[in-house]
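Everything below belongs to run26.cif, which stores mmCIF, C-alpha atoms.
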data_structure
loop_
_atom_site.label_atom_id
_atom_site.label_comp_id
_atom_site.auth_asym_id
_atom_site.auth_seq_id
_atom_site.Cartn_x
_atom_site.Cartn_y
_atom_site.Cartn_z
CA MET A 1 86.43 52.44 86.55
CA THR A 2 86.84 54.92 89.40
CA GLY A 3 86.30 58.08 87.40
CA LYS A 4 89.72 59.39 88.42
CA THR A 5 92.17 60.35 85.75
CA GLY A 6 95.89 60.76 86.14
CA SER A 7 97.42 64.11 85.33
CA THR A 8 99.83 64.16 82.42
CA ASP A 9 101.05 67.54 83.70
CA PRO A 10 104.15 66.89 85.83
CA VAL A 11 103.75 70.13 87.82
CA GLY A 12 100.10 69.50 88.59
CA ALA A 13 100.80 65.88 89.43
CA GLY A 14 103.77 66.84 91.61
CA LEU A 15 101.80 69.43 93.57
CA ALA A 16 98.80 67.10 93.91
CA ALA A 17 101.09 64.38 95.26
CA LEU A 18 102.33 66.56 98.13
CA PRO A 19 101.26 65.27 101.55
CA THR A 20 98.24 67.02 103.00
CA TRP A 21 100.28 68.98 105.55
CA ALA A 22 102.40 70.57 102.79
CA ARG A 23 100.00 70.72 99.83
CA HIS A 24 98.30 74.10 100.33
CA ARG A 25 101.44 75.99 101.22
CA GLY A 26 103.41 74.07 98.58
CA ILE A 27 100.96 75.27 95.93
CA ILE A 28 101.31 78.81 97.26
CA LEU A 29 105.10 78.63 97.15
CA TYR A 30 105.09 77.34 93.59
CA ALA A 31 102.88 80.32 92.65
CA VAL A 32 104.62 83.06 94.60
CA ALA A 33 108.18 82.31 93.48
CA PRO A 34 107.65 83.38 89.83
CA ALA A 35 105.50 86.29 90.98
CA GLN A 36 108.45 87.40 93.11
CA ARG A 37 110.82 87.23 90.14
CA LEU A 38 108.44 89.22 87.97
CA MET A 39 107.92 91.86 90.64
CA ALA A 40 111.68 92.10 91.21
CA ALA A 41 112.17 92.69 87.47
CA HIS A 42 109.52 95.42 87.59
CA ASP A 43 111.09 96.96 90.71
CA GLY A 44 114.44 97.03 88.88
CA LEU A 45 113.08 99.37 86.22
CA PRO A 46 113.70 103.11 86.52
CA MET A 47 110.93 104.72 88.59
CA THR A 48 109.64 106.51 85.49
CA GLU A 49 109.01 103.14 83.83
CA GLN A 50 107.40 101.46 86.83
CA SER A 51 103.66 101.11 87.09
CA GLU A 52 102.00 102.54 90.17
CA TYR A 53 99.38 99.81 89.94
CA SER A 54 102.09 97.14 89.89
CA ARG A 55 103.76 98.74 92.92
CA SER A 56 100.40 98.63 94.74
CA TRP A 57 100.55 94.81 94.60
CA ARG A 58 103.99 94.61 96.30
CA PRO A 59 102.45 94.50 99.84
CA VAL A 60 100.14 91.68 98.71
CA LEU A 61 103.14 89.75 97.45
CA GLU A 62 104.82 90.21 100.84
CA SER A 63 101.63 89.02 102.57
CA ILE A 64 101.62 85.88 100.43
CA TRP A 65 105.18 85.07 101.55
CA SER A 66 104.14 85.78 105.14
CA TYR A 67 101.13 83.47 104.86
CA ALA A 68 103.29 80.72 103.35
CA ALA A 69 105.64 81.11 106.32
CA GLY A 70 102.78 80.45 108.73
CA ASN A 71 101.32 83.88 109.48
CA ASP A 72 97.64 83.03 109.13
CA ALA A 73 96.70 86.69 109.78
CA ALA A 74 98.22 87.50 106.37
CA TRP A 75 95.11 85.87 104.87
CA TYR A 76 93.14 89.06 105.51
CA PRO A 77 95.14 91.56 103.46
CA ILE A 78 95.40 88.96 100.69
CA SER A 79 91.66 88.31 100.56
CA HIS A 80 90.94 92.03 100.87
CA ALA A 81 93.19 92.76 97.88
CA ILE A 82 91.50 90.08 95.77
CA GLY A 83 88.06 91.38 96.78
CA HIS A 84 89.08 94.92 95.90
CA TYR A 85 90.44 93.74 92.55
CA LEU A 86 87.26 91.80 91.75
CA LEU A 87 85.16 94.90 92.39
CA SER A 88 87.49 97.25 90.50
CA PRO A 89 87.47 98.34 86.87
CA GLN A 90 90.64 96.25 86.44
CA ASN A 91 88.47 93.11 86.56
CA HIS A 92 86.59 93.34 83.27
CA ASN A 93 85.52 91.38 80.23
CA GLU A 94 86.26 94.11 77.70
CA GLY A 95 89.34 92.45 76.24
CA GLN A 96 91.75 94.91 74.64
CA ASP A 97 89.29 97.78 75.21
CA GLY A 98 89.45 97.65 79.01
CA PRO A 99 92.13 98.67 81.49
CA ASP A 100 95.24 96.51 81.21
CA ASP A 101 97.04 97.23 84.49
CA ALA A 102 96.08 93.87 86.02
CA ASP A 103 97.36 92.16 82.88
CA GLN A 104 100.92 93.23 83.59
CA ASP A 105 102.83 90.01 84.21
CA GLU A 106 103.97 90.90 87.75
CA VAL A 107 100.44 91.87 88.77
CA ALA A 108 98.71 88.92 87.11
CA ALA A 109 101.17 86.46 88.69
CA THR A 110 100.60 88.05 92.11
CA ILE A 111 96.83 87.87 91.65
CA PHE A 112 97.15 84.19 90.72
CA ALA A 113 99.39 83.56 93.76
CA ALA A 114 96.87 85.34 96.00
CA ASN A 115 94.12 83.15 94.59
CA ALA A 116 96.29 80.12 95.35
CA VAL A 117 96.23 81.26 98.99
CA ILE A 118 92.48 81.71 99.03
CA HIS A 119 91.47 78.65 97.01
CA GLY A 120 94.43 76.28 97.28
CA LEU A 121 94.03 75.23 93.66
CA ILE A 122 96.98 73.97 91.63
CA GLY A 123 95.71 75.77 88.54
CA PHE A 124 96.42 79.16 90.11
CA ALA A 125 100.03 78.11 90.74
CA GLU A 126 100.39 76.99 87.14
CA LEU A 127 98.90 80.26 85.90
CA ALA A 128 101.35 82.28 88.00
CA ALA A 129 104.26 80.27 86.63
CA GLY A 130 102.88 80.69 83.12
CA ARG A 131 103.06 84.46 83.45
CA ALA A 132 106.81 84.19 84.04
CA THR A 133 107.33 82.30 80.79
CA ASP A 134 104.87 84.60 78.98
CA ALA A 135 106.89 87.63 80.10
CA ILE A 136 110.03 86.15 78.56
CA ASP A 137 108.21 85.28 75.37
CA ASN A 138 106.68 88.76 75.15
CA ARG A 139 110.07 90.37 75.70
CA TRP A 140 112.22 88.37 73.27
CA TYR A 141 109.96 86.77 70.63
CA GLY A 142 110.96 88.06 67.21
CA ILE A 143 113.72 90.18 68.71
CA ASP A 144 116.33 87.67 69.81
CA ASP A 145 115.32 84.03 69.38
CA ALA A 146 118.53 82.69 70.92
CA ARG A 147 118.01 84.79 74.04
CA LEU A 148 114.34 83.78 74.12
CA ALA A 149 115.35 80.11 74.16
CA ARG A 150 118.00 80.66 76.87
CA GLU A 151 115.69 82.71 79.10
CA LEU A 152 112.84 80.21 78.74
CA GLU A 153 115.19 77.36 79.60
CA LEU A 154 116.40 79.23 82.69
CA GLU A 155 112.86 80.02 83.85
CA THR A 156 111.49 76.54 83.31
CA GLY A 157 114.57 75.24 85.14
CA ARG A 158 113.80 77.53 88.09
CA GLN A 159 110.22 76.31 88.12
CA GLN A 160 111.32 72.66 88.00
CA ARG A 161 113.83 73.31 90.78
CA ALA A 162 111.09 74.97 92.86
CA LEU A 163 108.91 71.89 92.51
CA GLU A 164 111.85 69.67 93.46
CA LEU A 165 112.65 71.79 96.54
CA ILE A 166 109.00 71.83 97.66
CA THR A 167 108.68 68.08 97.13
CA ALA A 168 111.91 67.32 98.99
CA ALA A 169 110.91 69.50 101.95
CA SER A 170 107.39 68.06 102.11
CA GLY A 171 108.52 64.81 103.71
CA ASP A 172 109.19 66.40 107.10
CA ARG A 173 105.77 66.92 108.66
CA ARG A 174 107.12 68.67 111.76
CA ALA A 175 108.96 71.25 109.62
CA TRP A 176 105.58 72.34 108.18
CA SER A 177 103.73 72.52 111.52
CA SER A 178 103.68 76.32 111.62
CA GLY A 179 104.10 77.09 107.93
CA ALA A 180 106.58 76.26 105.20
CA PRO A 181 110.13 75.65 106.42
CA ALA A 182 112.24 78.83 106.58
CA THR A 183 115.04 77.28 104.53
CA LEU A 184 112.60 76.45 101.74
CA LEU A 185 111.13 79.95 101.80
CA ALA A 186 114.60 81.47 101.53
CA ALA A 187 115.65 79.16 98.71
CA LEU A 188 112.55 79.92 96.64
CA ARG A 189 112.64 83.64 97.32
CA ASP A 190 116.27 83.84 96.19
CA GLN A 191 115.77 81.94 92.91
#
How would this structure read if it were set down as structure tokens?
Amino acid sequence: MTGKTGSTDPVGAGLAALPTWARHRGIILYAVAPAQRLMAAHDGLPMTEQSEYSRSWRPVLESIWSYAAGNDAAWYPISHAIGHYLLSPQNHNEGQDGPDDADQDEVAATIFAANAVIHGLIGFAELAAGRATDAIDNRWYGIDDARLARELELETGRQQRALELITAASGDRRAWSSGAPATLLAALRDQ
């Protein structure tokens, strides 16, 4: 026995199976796409309903896209933002009694995507994607079950399509030489 176990999680297995030249940025792309959708939904709210803390993470989200595209200098604002978050009151173990700004879906997904940049771990990509489905569940559960089912199906379809696009693009090593291919970035950003 080798001690290795196969993943029963198709997303985790799919991201782990990416070739080495595409794996780190592929994980990042899988994480940042749902974070982008969540931030876009937040940005679409009237200004009076938007969170200033959520808006403060927009530049980090842009830096994550920039890093995925091959701008290695974008690592610094991303790591600085995560460091600042870790040292802030937003990072706490007080449960419901502590500040909840970082628990807003668009912020949490962006934090997970930023951690995917820093650590390259598949789990952070899965957590970011999970916040997108959680947001739908939180919005429609007990209010409109039919809409909940439709929205969840659409979101999981977008996530599956993202994995398919990343996997399909990963075969061209030269296309990844200076970051993720521009066509892939555009397709995922426009989902």
Ground truth for the PyMOL selection byres ((chain A and resi 108) around 10), written as an MDAnalysis selection string
chainID A and resid 35 38 54 57 101:107 109:114 127:128 131:132
Residue neighbourhood Ala69 (chain A), 12 Å, only C-alpha atoms, exclusion window fewer than 2 positions, as a PyMOL selection string
chain A and resi 22+24-26+28-29+32+62-67+71-75+117+175-186+188-189
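For the pair CA of Val11 (chain A) and CA of Ile82 (chain A), the separation is 24.7 Å.
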Using all atoms listed in the file, what residues lie at most 12 Å away from (89.4, 100.4, 90.8) (file coordinates), given as a list in words?
Tyr53, Ser56, Ala81, Ile82, Gly83, His84, Tyr85, Leu86, Leu87, Ser88, Pro89, Gln90, Asn91, His92, Pro99, Asp100, Asp101 and Ala102 of chain A
Go ahead and dump the residues you just picked, C-alpha atoms, as a PDB file, keeping the file's coordinate frame.
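Contents of part39.pdb, as written:
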ATOM      1  CA  TYR A  53      99.380  99.810  89.940  1.00  0.00           C
ATOM      2  CA  SER A  56     100.400  98.630  94.740  1.00  0.00           C
ATOM      3  CA  ALA A  81      93.190  92.760  97.880  1.00  0.00           C
ATOM      4  CA  ILE A  82      91.500  90.080  95.770  1.00  0.00           C
ATOM      5  CA  GLY A  83      88.060  91.380  96.780  1.00  0.00           C
ATOM      6  CA  HIS A  84      89.080  94.920  95.900  1.00  0.00           C
ATOM      7  CA  TYR A  85      90.440  93.740  92.550  1.00  0.00           C
ATOM      8  CA  LEU A  86      87.260  91.800  91.750  1.00  0.00           C
ATOM      9  CA  LEU A  87      85.160  94.900  92.390  1.00  0.00           C
ATOM     10  CA  SER A  88      87.490  97.250  90.500  1.00  0.00           C
ATOM     11  CA  PRO A  89      87.470  98.340  86.870  1.00  0.00           C
ATOM     12  CA  GLN A  90      90.640  96.250  86.440  1.00  0.00           C
ATOM     13  CA  ASN A  91      88.470  93.110  86.560  1.00  0.00           C
ATOM     14  CA  HIS A  92      86.590  93.340  83.270  1.00  0.00           C
ATOM     15  CA  PRO A  99      92.130  98.670  81.490  1.00  0.00           C
ATOM     16  CA  ASP A 100      95.240  96.510  81.210  1.00  0.00           C
ATOM     17  CA  ASP A 101      97.040  97.230  84.490  1.00  0.00           C
ATOM     18  CA  ALA A 102      96.080  93.870  86.020  1.00  0.00           C
TER      19      ALA A 102
END
Option closest in space to Gly12 (chain A), from A:Leu163, A:Leu152, A:Ile143, A:Ala40 [counting only C-alpha atoms]:
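Of the candidates, the smallest distance to Gly12 (chain A) is held by A:Leu163.
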Add whatever atoms are absent from region 160-171 of chain A to reach all heavy atoms, and provide the output as a PDB file, keeping the file's coordinate frame.
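Generated output (rebuild.pdb):
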ATOM      1  N   GLN A 160     111.098  74.081  87.699  1.00  0.00           N
ATOM      2  CA  GLN A 160     111.320  72.660  88.000  1.00  0.00           C
ATOM      3  C   GLN A 160     112.054  72.517  89.324  1.00  0.00           C
ATOM      4  O   GLN A 160     111.706  71.671  90.148  1.00  0.00           O
ATOM      5  CB  GLN A 160     112.097  71.982  86.871  1.00  0.00           C
ATOM      6  CG  GLN A 160     112.370  70.512  87.127  1.00  0.00           C
ATOM      7  CD  GLN A 160     111.118  69.677  87.299  1.00  0.00           C
ATOM      8  OE1 GLN A 160     110.118  69.892  86.619  1.00  0.00           O
ATOM      9  NE2 GLN A 160     111.141  68.739  88.226  1.00  0.00           N
ATOM     10  N   ARG A 161     113.064  73.352  89.533  1.00  0.00           N
ATOM     11  CA  ARG A 161     113.830  73.310  90.780  1.00  0.00           C
ATOM     12  C   ARG A 161     112.923  73.657  91.964  1.00  0.00           C
ATOM     13  O   ARG A 161     113.034  73.053  93.031  1.00  0.00           O
ATOM     14  CB  ARG A 161     115.027  74.260  90.709  1.00  0.00           C
ATOM     15  CG  ARG A 161     115.877  74.272  91.947  1.00  0.00           C
ATOM     16  CD  ARG A 161     116.663  72.981  92.084  1.00  0.00           C
ATOM     17  NE  ARG A 161     117.492  73.061  93.283  1.00  0.00           N
ATOM     18  CZ  ARG A 161     117.627  72.098  94.158  1.00  0.00           C
ATOM     19  NH1 ARG A 161     117.020  70.942  93.960  1.00  0.00           N
ATOM     20  NH2 ARG A 161     118.378  72.238  95.205  1.00  0.00           N
ATOM     21  N   ALA A 162     112.024  74.615  91.784  1.00  0.00           N
ATOM     22  CA  ALA A 162     111.090  74.970  92.860  1.00  0.00           C
ATOM     23  C   ALA A 162     110.238  73.764  93.237  1.00  0.00           C
ATOM     24  O   ALA A 162     110.069  73.465  94.429  1.00  0.00           O
ATOM     25  CB  ALA A 162     110.210  76.146  92.430  1.00  0.00           C
ATOM     26  N   LEU A 163     109.722  73.076  92.242  1.00  0.00           N
ATOM     27  CA  LEU A 163     108.910  71.890  92.510  1.00  0.00           C
ATOM     28  C   LEU A 163     109.740  70.826  93.236  1.00  0.00           C
ATOM     29  O   LEU A 163     109.264  70.208  94.200  1.00  0.00           O
ATOM     30  CB  LEU A 163     108.324  71.331  91.222  1.00  0.00           C
ATOM     31  CG  LEU A 163     107.429  70.106  91.354  1.00  0.00           C
ATOM     32  CD1 LEU A 163     106.228  70.393  92.250  1.00  0.00           C
ATOM     33  CD2 LEU A 163     106.972  69.636  89.977  1.00  0.00           C
ATOM     34  N   GLU A 164     110.974  70.637  92.809  1.00  0.00           N
ATOM     35  CA  GLU A 164     111.850  69.670  93.460  1.00  0.00           C
ATOM     36  C   GLU A 164     112.124  70.049  94.918  1.00  0.00           C
ATOM     37  O   GLU A 164     112.104  69.189  95.808  1.00  0.00           O
ATOM     38  CB  GLU A 164     113.175  69.549  92.696  1.00  0.00           C
ATOM     39  CG  GLU A 164     113.025  68.894  91.345  1.00  0.00           C
ATOM     40  CD  GLU A 164     114.254  69.047  90.460  1.00  0.00           C
ATOM     41  OE1 GLU A 164     115.256  69.680  90.891  1.00  0.00           O
ATOM     42  OE2 GLU A 164     114.212  68.552  89.320  1.00  0.00           O
ATOM     43  N   LEU A 165     112.384  71.332  95.176  1.00  0.00           N
ATOM     44  CA  LEU A 165     112.650  71.790  96.540  1.00  0.00           C
ATOM     45  C   LEU A 165     111.415  71.604  97.433  1.00  0.00           C
ATOM     46  O   LEU A 165     111.522  71.153  98.570  1.00  0.00           O
ATOM     47  CB  LEU A 165     113.082  73.256  96.546  1.00  0.00           C
ATOM     48  CG  LEU A 165     114.464  73.557  95.999  1.00  0.00           C
ATOM     49  CD1 LEU A 165     114.641  75.066  95.791  1.00  0.00           C
ATOM     50  CD2 LEU A 165     115.539  73.012  96.930  1.00  0.00           C
ATOM     51  N   ILE A 166     110.248  71.967  96.902  1.00  0.00           N
ATOM     52  CA  ILE A 166     109.000  71.830  97.660  1.00  0.00           C
ATOM     53  C   ILE A 166     108.745  70.356  97.965  1.00  0.00           C
ATOM     54  O   ILE A 166     108.415  69.985  99.100  1.00  0.00           O
ATOM     55  CB  ILE A 166     107.822  72.469  96.895  1.00  0.00           C
ATOM     56  CG1 ILE A 166     107.999  73.992  96.805  1.00  0.00           C
ATOM     57  CG2 ILE A 166     106.484  72.119  97.555  1.00  0.00           C
ATOM     58  CD1 ILE A 166     107.123  74.651  95.753  1.00  0.00           C
ATOM     59  N   THR A 167     108.899  69.507  96.960  1.00  0.00           N
ATOM     60  CA  THR A 167     108.680  68.080  97.130  1.00  0.00           C
ATOM     61  C   THR A 167     109.637  67.492  98.160  1.00  0.00           C
ATOM     62  O   THR A 167     109.228  66.732  99.045  1.00  0.00           O
ATOM     63  CB  THR A 167     108.811  67.351  95.783  1.00  0.00           C
ATOM     64  OG1 THR A 167     107.848  67.896  94.872  1.00  0.00           O
ATOM     65  CG2 THR A 167     108.577  65.866  95.927  1.00  0.00           C
ATOM     66  N   ALA A 168     110.913  67.847  98.056  1.00  0.00           N
ATOM     67  CA  ALA A 168     111.910  67.320  98.990  1.00  0.00           C
ATOM     68  C   ALA A 168     111.616  67.746 100.428  1.00  0.00           C
ATOM     69  O   ALA A 168     111.748  66.957 101.358  1.00  0.00           O
ATOM     70  CB  ALA A 168     113.310  67.773  98.580  1.00  0.00           C
ATOM     71  N   ALA A 169     111.190  68.991 100.597  1.00  0.00           N
ATOM     72  CA  ALA A 169     110.910  69.500 101.950  1.00  0.00           C
ATOM     73  C   ALA A 169     109.603  68.956 102.510  1.00  0.00           C
ATOM     74  O   ALA A 169     109.396  68.980 103.732  1.00  0.00           O
ATOM     75  CB  ALA A 169     110.863  71.028 101.929  1.00  0.00           C
ATOM     76  N   SER A 170     108.728  68.466 101.659  1.00  0.00           N
ATOM     77  CA  SER A 170     107.390  68.060 102.110  1.00  0.00           C
ATOM     78  C   SER A 170     107.402  66.799 102.973  1.00  0.00           C
ATOM     79  O   SER A 170     106.426  66.513 103.656  1.00  0.00           O
ATOM     80  CB  SER A 170     106.462  67.855 100.917  1.00  0.00           C
ATOM     81  OG  SER A 170     106.810  66.682 100.204  1.00  0.00           O
ATOM     82  N   GLY A 171     108.481  66.051 102.952  1.00  0.00           N
ATOM     83  CA  GLY A 171     108.520  64.810 103.710  1.00  0.00           C
ATOM     84  C   GLY A 171     108.621  64.980 105.217  1.00  0.00           C
ATOM     85  O   GLY A 171     108.312  64.056 105.964  1.00  0.00           O
TER      86      GLY A 171
END
